[in-house]
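First comes the structure, then the notes that go with it.
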Amino acid sequence: MRNSNLKDRKINSLYVHIPFCEHICFYCDFVKVKKPEDPKVIEKYLDKLKNELSEYGDRLNDIQSIYIGGGTPSCLNLEQTIIMCEMLFKYSQKPNFEYSIELNPESVTKEKLEIYKKYNINRISMGVQSFDNDLLKKIGRIHDNSIAINAYKLIREVGFENVSIDLMYNLYDQTKESINVDLSYIKELKPDHISWYSLIMKEKSVWGRKNMKVPENDELFDEIVNEGLKEIGYTRYEISNYALGEKNKSYHNMTYWNNSIFAGVGIGATGFEQINGKYFLTRNEGNILNYKKDFEELSQEDYYFQIIMMGLRLVDGIDISIEINKDIYEFYKEKINQKINENLLELVNNNIKCTERGFNILNEILIDFL
Ligand SMILES: C[S@@+](CC[C@H](N)C(=O)[O-])C[C@H]1O[C@@H](n2cnc3c(N)ncnc32)[C@H](O)[C@@H]1O
Ligand code: SF4
């Protein structure tokens, strides 16, 4: 899609993918490989990342956040961790820069945390999934709740003031009691941010390959999760994301949903970029040491759909008073008004957003925008 404004929009955020994992969890189909025994493979991968970053040149100069995700970034050894942090350091030397890294509890160490801190990382996202030890085994995790709690305490001790925890619900054999136990740990630990995902059955995961389906629970876990977190003081700002206060919303995650421009480096990483006025979804395809960026050009309609699909995930929806979103409203006006009449969308203070009813059936709403 061509934009009449000839100057391309700047890249706001950068995602960096580290695809190595100590162990493969049964539900996961993210791009990852079992951590290779030969450290040289990881070093070559890091080298490739460095080249990819340099190909961007000064286009990354204005980014306001980095998110190192995986895979398991914390499974790198100290030397590899330093190489990774050194190559990203120069982008992070700005005020109010949000710089996150994803950790798995079993590979958190004081030494690694101190390296992250030294290189400006200021936000930790730790994948806990559940505090129920039986459940953790059943989903293929290699940590237990005491490892997660100790890792969390260590993260705080080293001085990280912005910590997020990932949890999951709708897992096999998960009960209301087990969710309530998770909520009681959250109440005690008080992470600044929580991502609490409903299980999505992915075809290429260990479970998906066995043709397993998302279990049908009698309980409405999403209600228990939402109500429980609200009671403890968290504000939901996206379908699966909750923050303790306004300042704890993840700037980086917001860039995926609020029509910002973002770049992704590393195998499997995706981006949304504007080049010579055209919009592209990018994805790095191939294998860990041999991948290249695939560019899918978006037509005008694809672009609008992308913005509506991502923006309606936010509780506050899409701000149509800002320049880049104005024509989206014009484009979808009729459909939006129809959904407003059906009490699925609402227009509040220049924001198009889902009503509570609409939020629960977002995928169905989106079909009508296709
Ligand atoms: C891809 S993982 C990477 C982070 C880290 N390796 C970990 O395991 O925590 C990011 C998060 O995605 C969530 N996730 C992964 N697979 C999922 C699935 N099939 N359904 C729902 N959430 C999933 C988990 O909560 C996980 O913490
Ligand atoms: S959930 Fe995390 S640790 Fe487990 S396989 Fe996926 S990326 Fe690796």
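Labeling convention for the structure tokens: chains A, B, ... as they appear, residues from 1 per chain, ligands from 1 in order of appearance.
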Once you count only C-alpha atoms and all ligand atoms, which residues end up within 9 Å of ligand 1, and could you hand them over as a PyMOL selection string? chain A and resi 19-21+24-32+69-74+102-105+125-129+141+165-169+195-202+205
Compile a residue-level contact table for region 169-256 of chain A against region 351-364 of chain A at a cut-off of 10 Å, reporting for every qualifying residue the shortest atom pair and its distance in Å to one decimal, with only C-alpha atoms counted, rows ordered by chain and ascending number, as CSV.
residue,atom,partner,partner_atom,distance
A:Asp222,CA,A:Asn360,CA,9.6
A:Glu238,CA,A:Phe359,CA,9.9
A:Ile239,CA,A:Phe359,CA,7.8
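When only C-alpha atoms are used to measure the gap to Tyr251 (chain A), the shortest distance among A:Pro215, A:Leu154, A:Tyr237, A:Glu203 belongs to A:Tyr237.
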All alpha helix (DSSP H) residues (DSSP, backbone) inside region 3-129 of chain A, as a VMD selection string: chain A and resid 39 to 56 78 to 89 110 to 118
Selected residue, from A:Tyr234, A:Trp207, A:Trp257, A:Tyr119, that lies nearest to ligand 2 when counting only C-alpha atoms and all ligand atoms: A:Trp207
Would you please extract all strand (DSSP E) residues from region 91-230 of chain A, as assigned by DSSP on the backbone, and give them as a ChimeraX atom specification? /A:98-103,123-129,163-169,193-198
Who sits within 8 Å of Lys176 (chain A), only C-alpha atoms, same chain under 6 positions skipped, as an MDAnalysis selection string: chainID A and resid 219 221 224
Residues just named, written with C-alpha atoms as a PDB file, in the first residue's frame:
ATOM      1  CA  GLU A 219     -15.433 -23.438  34.710  1.00  0.00           C
ATOM      2  CA  PHE A 221     -11.415 -19.634  33.699  1.00  0.00           C
ATOM      3  CA  ILE A 224     -11.862 -16.197  37.274  1.00  0.00           C
TER       4      ILE A 224
END
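Using only C-alpha atoms, the protein and nucleic acid residues lying no more than 12 Å from Val348 (chain A), apart from those fewer than 5 places from it along its own chain, are Val315, Asp316, Gly317, Ile318, Asp319, Ile320, Ser321, Ile340, Lys353, Cys354 and Thr355 of chain A.
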Write out as a short mmCIF file (atom, residue, chain, number, x, y, z; two decimals) with C-alpha atoms, in the first residue's frame the residues lying within 12 Å of Phe97 (chain A), counting only C-alpha atoms and excluding same-chain residues fewer than 5 positions away.
data_model
loop_
_atom_site.label_atom_id
_atom_site.label_comp_id
_atom_site.auth_asym_id
_atom_site.auth_seq_id
_atom_site.Cartn_x
_atom_site.Cartn_y
_atom_site.Cartn_z
CA ASN A 12 9.53 2.36 17.07
CA SER A 13 10.64 -0.97 18.54
CA LEU A 14 12.87 -3.96 17.99
CA ASP A 62 14.85 6.02 16.93
CA ILE A 63 13.60 2.83 18.57
CA GLN A 64 12.19 3.31 22.07
CA SER A 65 12.15 -0.34 23.14
CA ILE A 66 13.85 -3.69 22.66
CA TYR A 67 12.35 -7.05 23.58
CA PHE A 89 23.65 -1.70 24.05
CA LYS A 90 24.04 1.27 21.70
CA TYR A 91 20.30 1.40 20.93
CA SER A 92 19.34 1.54 24.60
CA ASN A 120 20.63 -1.32 30.48
CA ILE A 121 17.99 -4.07 30.45
CA ASN A 122 15.31 -2.67 32.77
CA ARG A 123 12.38 -5.05 32.41
CA SER A 250 4.49 -2.65 28.25
CA TYR A 251 5.49 0.05 25.76
CA HIS A 252 6.98 -2.62 23.53
#
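Using only C-alpha atoms and all ligand atoms, the shortest contact distance between ligand 2 and any of A:Met212, A:Val206, A:Ala151, A:Val158 is found at A:Val206.
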I'd like the contact shell of region 329-337 of chain A - 8 Å cut-off, only C-alpha atoms, skipping same-chain residues fewer than 3 positions apart - returned as a list in words. Tyr304, Ile320, Asn325, Lys326, Ile340, Asn341, Leu345, Asp368 and Phe369 of chain A
